[in-house]
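Shown next: upload30.cif, containing mmCIF, C-alpha atoms.
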data_my_file
loop_
_atom_site.label_atom_id
_atom_site.label_comp_id
_atom_site.auth_asym_id
_atom_site.auth_seq_id
_atom_site.Cartn_x
_atom_site.Cartn_y
_atom_site.Cartn_z
CA MET A 1 0.00 0.00 0.00
CA LEU A 2 1.05 3.62 -0.49
CA ALA A 3 1.78 5.41 2.80
CA ALA A 4 3.42 8.50 4.26
CA PHE A 5 5.75 7.38 7.03
CA ALA A 6 8.60 8.47 9.26
CA LYS A 7 11.80 6.68 8.25
CA SER A 8 14.03 8.91 10.42
CA GLN A 9 13.73 11.96 12.66
CA SER A 10 15.29 15.42 12.83
CA ALA A 11 14.33 18.29 15.12
CA ALA A 12 15.87 20.81 12.73
CA ASP A 13 14.68 19.32 9.43
CA PRO A 14 11.56 17.18 10.00
CA LEU A 15 10.84 16.74 6.29
CA SER A 16 14.14 14.91 5.86
CA GLY A 17 12.67 11.89 7.63
CA LEU A 18 9.40 11.76 5.68
CA GLU A 19 8.96 9.18 2.95
CA VAL A 20 5.94 8.54 0.72
CA ALA A 21 6.29 5.03 -0.65
CA GLU A 22 4.98 1.48 -0.48
CA ARG A 23 4.60 -0.23 2.87
CA PRO A 24 3.26 -3.69 3.74
CA ASP A 25 -0.52 -3.94 4.04
CA PRO A 26 -1.69 -3.98 7.68
CA GLN A 27 -2.82 -7.23 9.24
CA ALA A 28 -5.84 -6.86 11.53
CA ARG A 29 -5.39 -8.64 14.86
CA ASP A 30 -8.26 -10.06 16.93
CA GLY A 31 -10.82 -7.35 17.66
CA TRP A 32 -9.41 -5.04 14.97
CA THR A 33 -10.74 -4.06 11.54
CA THR A 34 -8.96 -2.95 8.38
CA VAL A 35 -10.32 0.27 6.88
CA ARG A 36 -9.76 1.34 3.29
CA VAL A 37 -8.97 5.03 3.66
CA ARG A 38 -10.86 7.49 1.45
CA ALA A 39 -9.50 10.68 3.04
CA ALA A 40 -7.01 11.46 5.80
CA ALA A 41 -5.99 14.76 7.40
CA LEU A 42 -2.70 16.15 8.65
CA ASN A 43 -2.02 17.32 12.21
CA HIS A 44 0.88 19.06 13.95
CA HIS A 45 1.26 15.76 15.82
CA ASP A 46 2.61 14.27 12.58
CA VAL A 47 5.27 16.96 12.27
CA TRP A 48 6.25 16.53 15.93
CA SER A 49 6.67 12.80 15.28
CA LEU A 50 9.13 13.63 12.50
CA ARG A 51 10.95 15.93 14.93
CA GLY A 52 11.35 13.03 17.37
CA VAL A 53 8.75 14.13 19.92
CA GLY A 54 6.42 11.42 21.26
CA LEU A 55 7.62 8.75 18.83
CA PRO A 56 10.64 6.72 19.95
CA ALA A 57 13.20 6.12 17.21
CA ASP A 58 13.12 2.36 17.82
CA ARG A 59 9.54 2.26 16.46
CA LEU A 60 10.53 3.54 13.03
CA PRO A 61 9.48 3.22 10.29
CA MET A 62 6.02 4.39 11.43
CA VAL A 63 3.09 5.30 9.21
CA LEU A 64 1.96 8.77 10.29
CA GLY A 65 -1.54 10.18 10.71
CA CYS A 66 -4.37 10.19 13.25
CA ASP A 67 -7.34 11.34 11.14
CA ALA A 68 -9.16 9.23 8.58
CA ALA A 69 -12.49 8.28 7.09
CA GLY A 70 -13.07 5.29 4.85
CA THR A 71 -14.86 2.00 4.35
CA THR A 72 -14.66 -1.38 6.05
CA GLU A 73 -14.44 -4.61 4.09
CA ASP A 74 -18.24 -4.84 3.92
CA GLY A 75 -18.54 -1.29 2.56
CA THR A 76 -19.63 0.44 5.77
CA GLU A 77 -18.63 4.11 5.78
CA VAL A 78 -16.80 5.06 8.99
CA LEU A 79 -14.70 7.63 10.80
CA VAL A 80 -11.61 6.36 12.61
CA HIS A 81 -11.22 7.28 16.29
CA ALA A 82 -7.49 7.63 16.90
CA VAL A 83 -7.26 7.09 20.69
CA VAL A 84 -6.33 3.45 21.35
CA ALA A 85 -6.86 2.21 24.90
CA SER A 86 -4.67 -0.45 26.46
CA PRO A 87 -6.02 -4.02 26.63
CA GLY A 88 -8.67 -4.43 29.33
CA TRP A 89 -9.26 -0.70 29.87
CA THR A 90 -12.88 0.32 30.48
CA GLY A 91 -14.36 3.80 30.61
CA ASP A 92 -13.11 7.01 29.02
CA GLU A 93 -10.16 5.97 26.90
CA THR A 94 -8.53 9.40 27.17
CA LEU A 95 -8.01 8.77 30.91
CA ASP A 96 -6.12 5.53 30.33
CA PRO A 97 -2.49 6.21 31.41
CA LYS A 98 -1.32 3.69 28.79
CA ARG A 99 -3.43 5.03 25.92
CA THR A 100 -1.79 5.80 22.61
CA LEU A 101 -2.76 7.53 19.38
CA LEU A 102 -2.54 5.88 16.02
CA SER A 103 0.98 6.53 14.64
CA GLU A 104 2.57 6.29 18.10
CA LEU A 105 2.51 2.52 18.76
CA TYR A 106 0.42 1.33 15.83
CA ASP A 107 0.67 2.51 12.21
CA GLY A 108 -1.40 5.59 11.44
CA THR A 109 -3.89 6.74 8.85
CA LEU A 110 -1.81 8.38 6.09
CA ALA A 111 -2.06 5.25 3.98
CA GLU A 112 -4.37 3.39 1.65
CA LEU A 113 -5.23 0.97 4.47
CA VAL A 114 -5.21 1.25 8.26
CA ALA A 115 -5.94 -1.34 10.95
CA VAL A 116 -7.82 -0.07 14.02
CA PRO A 117 -9.71 -1.56 16.98
CA THR A 118 -13.23 -2.32 15.79
CA ALA A 119 -14.56 -0.41 18.83
CA ASN A 120 -12.88 2.73 17.44
CA LEU A 121 -15.08 2.88 14.35
CA VAL A 122 -17.77 5.58 14.22
CA PRO A 123 -20.52 5.53 11.57
CA LYS A 124 -20.09 8.33 9.03
CA PRO A 125 -23.34 10.31 8.85
CA GLU A 126 -24.97 10.78 5.48
CA GLY A 127 -24.29 14.22 4.08
CA LEU A 128 -20.76 14.40 5.47
CA SER A 129 -18.16 14.43 2.69
CA TRP A 130 -15.06 12.28 2.93
CA GLU A 131 -12.87 15.38 3.14
CA HIS A 132 -14.89 16.92 5.97
CA ALA A 133 -15.19 13.60 7.79
CA ALA A 134 -11.40 13.26 7.79
CA CYS A 135 -11.06 16.63 9.57
CA LEU A 136 -12.95 15.56 12.69
CA PRO A 137 -11.13 12.85 14.71
CA THR A 138 -8.27 14.93 16.17
CA ALA A 139 -8.40 18.76 16.07
CA TRP A 140 -12.18 18.97 15.85
CA LEU A 141 -12.68 16.33 18.54
CA THR A 142 -10.24 18.20 20.78
CA ALA A 143 -12.21 21.42 20.23
CA TYR A 144 -15.53 19.68 20.88
CA ARG A 145 -14.41 18.34 24.26
CA MET A 146 -12.82 21.64 25.26
CA LEU A 147 -15.93 23.64 24.51
CA PHE A 148 -18.87 21.39 25.32
CA THR A 149 -17.48 18.93 27.89
CA ASN A 150 -14.87 20.87 29.85
CA ALA A 151 -15.68 24.59 29.56
CA GLY A 152 -19.23 24.36 30.90
CA VAL A 153 -20.42 27.20 28.63
CA ARG A 154 -23.94 27.66 27.31
CA PRO A 155 -25.53 29.52 24.38
CA GLY A 156 -25.19 33.25 25.01
CA ASP A 157 -21.89 32.94 26.90
CA THR A 158 -18.68 34.54 25.62
CA VAL A 159 -15.58 32.45 24.91
CA LEU A 160 -12.10 33.70 24.01
CA VAL A 161 -9.95 31.56 21.71
CA GLN A 162 -6.23 32.32 21.96
CA GLY A 163 -4.77 32.14 18.46
CA ALA A 164 -7.12 32.31 15.52
CA ALA A 165 -5.70 30.18 12.74
CA GLY A 166 -4.77 26.73 14.04
CA GLY A 167 -6.82 23.61 13.42
CA VAL A 168 -8.25 23.49 16.96
CA ALA A 169 -8.89 27.26 16.98
CA THR A 170 -10.84 27.26 13.73
CA ALA A 171 -12.85 24.26 14.91
CA LEU A 172 -13.65 26.06 18.18
CA VAL A 173 -14.90 29.10 16.30
CA GLN A 174 -17.09 27.10 13.93
CA LEU A 175 -18.51 24.83 16.66
CA GLY A 176 -19.10 27.63 19.16
CA SER A 177 -20.79 30.00 16.78
CA ALA A 178 -23.06 27.20 15.54
CA ALA A 179 -24.07 26.54 19.15
CA GLY A 180 -25.02 30.15 19.86
CA ILE A 181 -21.89 31.05 21.83
CA ARG A 182 -20.25 34.44 21.27
CA MET A 183 -16.74 33.60 20.10
CA TRP A 184 -13.84 36.05 20.36
CA VAL A 185 -10.36 35.33 19.02
CA THR A 186 -6.88 36.78 19.30
CA SER A 187 -4.24 36.77 16.61
CA ARG A 188 -0.86 38.34 15.84
CA GLU A 189 -2.00 38.82 12.25
CA ALA A 190 -5.05 40.89 11.31
CA ALA A 191 -5.77 38.71 8.26
CA LYS A 192 -6.09 35.60 10.41
CA GLY A 193 -8.44 37.43 12.77
CA GLU A 194 -10.54 38.52 9.81
CA GLN A 195 -10.69 34.95 8.59
CA ALA A 196 -11.95 33.82 12.02
CA VAL A 197 -14.70 36.44 11.87
CA ALA A 198 -15.66 35.16 8.42
CA LEU A 199 -15.96 31.68 9.95
CA GLY A 200 -18.34 32.89 12.66
CA ALA A 201 -16.29 34.64 15.34
CA ASP A 202 -18.00 37.73 16.77
CA ARG A 203 -14.81 39.79 17.10
CA ALA A 204 -11.05 39.51 16.64
CA PHE A 205 -8.41 41.21 18.79
CA GLY A 206 -4.65 41.58 18.66
CA SER A 207 -2.58 39.25 20.82
CA GLY A 208 -2.64 40.53 24.40
CA GLU A 209 -5.16 43.27 23.61
CA ARG A 210 -7.43 44.37 26.46
CA LEU A 211 -10.95 43.04 25.90
CA PRO A 212 -14.11 45.16 26.27
CA ASP A 213 -15.62 42.61 28.71
CA ARG A 214 -14.52 39.65 30.79
CA VAL A 215 -15.29 36.29 29.22
CA ASP A 216 -16.89 33.15 30.62
CA ALA A 217 -14.17 30.82 29.33
CA VAL A 218 -10.83 30.89 27.52
CA MET A 219 -9.68 28.15 25.13
CA GLU A 220 -5.92 27.97 25.57
CA THR A 221 -3.60 26.15 23.16
CA VAL A 222 -0.75 28.68 22.95
CA GLY A 223 0.61 28.40 26.48
CA ALA A 224 3.28 30.63 28.02
CA ALA A 225 2.89 33.53 25.58
CA THR A 226 -0.82 34.03 26.28
CA TRP A 227 -1.28 32.62 29.80
CA SER A 228 -1.43 35.92 31.70
CA HIS A 229 -3.81 37.39 29.15
CA SER A 230 -6.04 34.33 29.47
CA ILE A 231 -6.25 34.59 33.26
CA ASN A 232 -6.81 38.36 33.20
CA SER A 233 -9.56 38.03 30.59
CA LEU A 234 -11.77 35.75 32.70
CA ARG A 235 -14.73 36.84 34.79
CA PRO A 236 -14.76 35.66 38.42
CA GLY A 237 -15.65 31.97 38.44
CA GLY A 238 -14.63 31.58 34.79
CA THR A 239 -12.80 28.67 33.22
CA VAL A 240 -9.64 28.29 31.18
CA VAL A 241 -9.38 25.03 29.25
CA ILE A 242 -5.89 23.98 28.14
CA SER A 243 -5.21 21.48 25.36
CA GLY A 244 -1.74 22.58 24.30
CA ALA A 245 1.21 24.89 24.87
CA THR A 246 2.80 25.62 21.51
CA SER A 247 4.76 28.59 22.89
CA GLY A 248 6.01 26.69 25.95
CA ASP A 249 4.51 25.30 29.15
CA ALA A 250 6.30 27.52 31.70
CA PRO A 251 4.77 31.03 31.76
CA SER A 252 6.83 33.73 33.48
CA LYS A 253 3.85 34.47 35.76
CA ALA A 254 1.67 31.61 36.98
CA GLU A 255 -1.01 34.07 38.17
CA LEU A 256 -1.85 31.83 41.13
CA THR A 257 -3.16 34.68 43.27
CA LYS A 258 -5.65 35.72 40.62
CA ILE A 259 -6.69 32.12 40.06
CA PHE A 260 -7.64 31.49 43.67
CA PHE A 261 -8.91 35.01 44.43
CA LYS A 262 -11.23 35.03 41.39
CA GLN A 263 -12.08 31.34 41.95
CA LEU A 264 -11.13 30.41 38.42
CA ARG A 265 -11.20 26.87 37.08
CA VAL A 266 -8.18 25.52 35.18
CA VAL A 267 -9.08 22.40 33.22
CA GLY A 268 -6.80 20.20 31.18
CA SER A 269 -8.27 18.64 28.05
CA THR A 270 -6.86 15.95 25.76
CA MET A 271 -8.52 14.69 22.58
CA GLY A 272 -11.96 13.14 23.20
CA SER A 273 -13.80 9.84 23.44
CA ARG A 274 -15.34 7.71 20.72
CA THR A 275 -18.78 8.72 22.02
CA GLU A 276 -17.87 12.40 21.70
CA LEU A 277 -16.62 11.84 18.16
CA GLU A 278 -19.97 10.30 17.23
CA SER A 279 -21.81 13.27 18.79
CA LEU A 280 -19.47 15.70 17.04
CA ALA A 281 -20.13 14.15 13.63
CA ARG A 282 -23.90 14.38 14.15
CA PHE A 283 -23.62 18.00 15.33
CA VAL A 284 -21.53 19.02 12.31
CA VAL A 285 -24.06 17.54 9.90
CA GLY A 286 -27.13 18.74 11.81
CA SER A 287 -25.77 22.30 12.08
CA GLY A 288 -24.63 22.46 8.48
CA ILE A 289 -21.02 23.14 9.48
CA GLU A 290 -18.37 22.73 6.80
CA PRO A 291 -14.96 22.31 8.47
CA LEU A 292 -12.41 24.74 7.08
CA VAL A 293 -10.12 22.90 4.65
CA ASP A 294 -6.82 24.49 3.74
CA SER A 295 -6.12 22.23 0.77
CA VAL A 296 -6.89 18.82 -0.69
CA ARG A 297 -4.26 16.79 -2.51
CA PRO A 298 -3.66 13.10 -3.29
CA LEU A 299 -1.72 11.04 -0.77
CA ALA A 300 1.10 10.73 -3.28
CA GLU A 301 1.70 14.48 -2.82
CA ALA A 302 1.78 14.27 0.99
CA ARG A 303 5.22 15.89 1.16
CA ASP A 304 3.77 19.14 -0.22
CA GLY A 305 1.11 19.16 2.52
CA PHE A 306 3.70 18.52 5.22
CA ALA A 307 5.88 21.32 3.86
CA ARG A 308 2.96 23.72 3.99
CA MET A 309 2.40 22.89 7.68
CA VAL A 310 6.10 23.13 8.58
CA GLU A 311 6.24 26.56 6.95
CA GLY A 312 3.25 27.77 8.97
CA GLN A 313 1.07 28.45 5.94
CA VAL A 314 -1.91 26.31 6.94
CA ALA A 315 -5.37 27.77 7.55
CA GLY A 316 -7.71 24.90 8.37
CA LYS A 317 -7.02 21.26 7.64
CA VAL A 318 -4.70 19.75 5.03
CA VAL A 319 -6.51 16.73 3.61
CA PHE A 320 -5.10 13.83 1.57
CA THR A 321 -7.37 11.73 -0.63
CA VAL A 322 -6.84 8.10 -1.54
#
Written form, structure tokens:
Amino acid sequence: MLAAFAKSQSAADPLSGLEVAERPDPQARDGWTTVRVRAAALNHHDVWSLRGVGLPADRLPMVLGCDAAGTTEDGTEVLVHAVVASPGWTGDETLDPKRTLLSELYDGTLAELVAVPTANLVPKPEGLSWEHAACLPTAWLTAYRMLFTNAGVRPGDTVLVQGAAGGVATALVQLGSAAGIRMWVTSREAAKGEQAVALGADRAFGSGERLPDRVDAVMETVGAATWSHSINSLRPGGTVVISGATSGDAPSKAELTKIFFKQLRVVGSTMGSRTELESLARFVVGSGIEPLVDSVRPLAEARDGFARMVEGQVAGKVVFTV
């Protein structure tokens, strides 16, 4: 099968370790199913794997990718849930200390075929295109859990999204606005803020800019660079939900006094469950949301998509078709 995989790793030159070539077809073990991929999407996780973060070198070569939609051997159309629980785990798989994502221990989705636990398959709703379906299992699922499971916000509330252009940020804007939540964003670039407004954000602000009102919740993926602004932007009793720290995880000011004095909630959030992915897919179709797609190209041209992400040019999801 054709696949995009990590053959080596380099922190300075991640693309040097990427190869798009033939790999052996996957063999489904007991309780697993082979899915013929119709579309797969790229995530920063894949670039980090090429940099040597989260993927030990002794597991190479490793097929990359967490997001996919395709068909099972009997023709059933499915989305692939990427969080793989350890054997015997019950309950929320994201809480399993031994959980992995596809492409960490088991080959990922940037291939013509992928083997996954049968329990990880989610029915693809009618009306959801292959390209849009492939966007959902990682960034969109992360956004869904942040907003609807962990933030505790309701229609009419105001939510600030730090950073306007990333995959999770654009998903937050589209999901929140569809649910009747007033979404504000920050960005270092005016054009990216304007794009967020076009997607449904109510307003866009410069990074660190003082807001006209305190917000009910902040969606934080940037980390150290925006942490103080996030804490200072919350109303008393508000919530900051963290799913990443792209600028670093050690802010110069922890703001602990403000956190306890204002009785703020700080909630960590990682990916989402299979049940949440199923709910997300139904919500996207029922609300008429079309996930923002940066570009669509055949899997054979995966290197071009990776290069676009490494260069920071991506707005929305990069999708590969098979």
ask   = Please, what distance in Å, to one decimal, runs between CA of Glu220 (chain A) and CA of Arg235 (chain A)?
value =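 Here the two named atoms are 15.5 Å from each other.
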request  = Pick out the closest residue to Val153 (chain A) from this set: A:Thr94, A:Thr239, A:Ser187, A:Gln9. Count all atoms listed in the file.
outcome  = A:Thr239
Counting all atoms listed in the file, which residues of region 129-178 of chain A sit at most 12 Å from some atom of region 34-38 of chain A, and what is each one's closest atom pair with its distance in Å to one decimal, listed by chain and rising residue number, as a tab-separated table?
residue	atom	partner	partner_atom	distance
A:Ser129	CA	A:Arg38	CA	10.1
A:Trp130	CA	A:Arg38	CA	6.5
A:Glu131	CA	A:Arg38	CA	8.3
A:His132	CA	A:Arg38	CA	11.2
A:Ala133	CA	A:Arg38	CA	9.8
A:Ala134	CA	A:Arg38	CA	8.6
inquiry  = For the provided coordinates, the residues matched by the PyMOL selection byres ((chain A and resi 141) around 12) should be stated as a PyMOL selection string.
reply    = chain A and resi 66-67+79-83+94+133-140+142-149+167-169+171-172+175+243+269-281+283-284+291
Polymer residues at most 12 Å from (-14.9, 44.4, 19.2) by all atoms listed in the file, as a PyMOL selection string = chain A and resi 182-186+193-194+197+201-206+209-213
task = Give me the result of the PyMOL selection byres ((chain A and resi 156) around 9) on this file, residue by residue, as a list in words.
result = Val153, Arg154, Pro155, Asp157, Thr158, Ala179, Gly180, Ile181 and Arg182 of chain A
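Restricting the calculation to all atoms listed in the file, the smallest distance between Leu101 (chain A) and any of A:Pro251, A:Gly54, A:Gly163, A:Gly238 is found for A:Gly54.
If you look at CA of Ala225 (chain A) and CA of Lys253 (chain A), they are 10.3 Å away from each other.
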Computed interatomic separation between CA of Ala28 (chain A) and CA of Leu64 (chain A) (Å) =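 Distance between the two atoms: 17.5 Å.
Minimum atom-to-atom distances from A:Val63, A:Ser287, A:Leu18, A:Trp227 to Ile259 (chain A) were compared using all atoms listed in the file, and the lowest value belongs to A:Trp227.
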key: Closest of A:Val20, A:Val266, A:Ala245, A:Ala178 to Gly286 (chain A) - atom-to-atom distances counting all atoms listed in the file   =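 Checking each candidate against Gly286 (chain A), we get A:Ala178 as the closest.
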Centre and edge lengths, as JSON, for the axis-aligned box enclosing every listed atom of region 218-226 of chain A with 8 Å of padding on each of the six sides, in Å to one decimal?
{"center_x": -3.8, "center_y": 30.1, "center_z": 25.5, "size_x": 30.1, "size_y": 23.9, "size_z": 21.1}
message = Please enumerate the residues selected by the PyMOL selection byres ((chain A and resi 40-44) around 6) when evaluated against the supplied file, formatted as number ranges by chain.
response = A: 39, 45-47, 67-68, 134-135, 318-320
request  = Find the residues near Gln27 (chain A): any atom within 12 Å, counting all atoms listed in the file, skip ones fewer than 4 places away on the same chain, and give them as a ChimeraX atom specification.
outcome  = /A:31-35,106-107,113-117
task = Could you check which of A:Glu255, A:Phe261, A:Gly65, A:Leu160 is closest to Ala217 (chain A), using all atoms listed in the file?
result =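 Once distances to Ala217 (chain A) are computed over all atoms listed in the file, the minimum belongs to A:Leu160.
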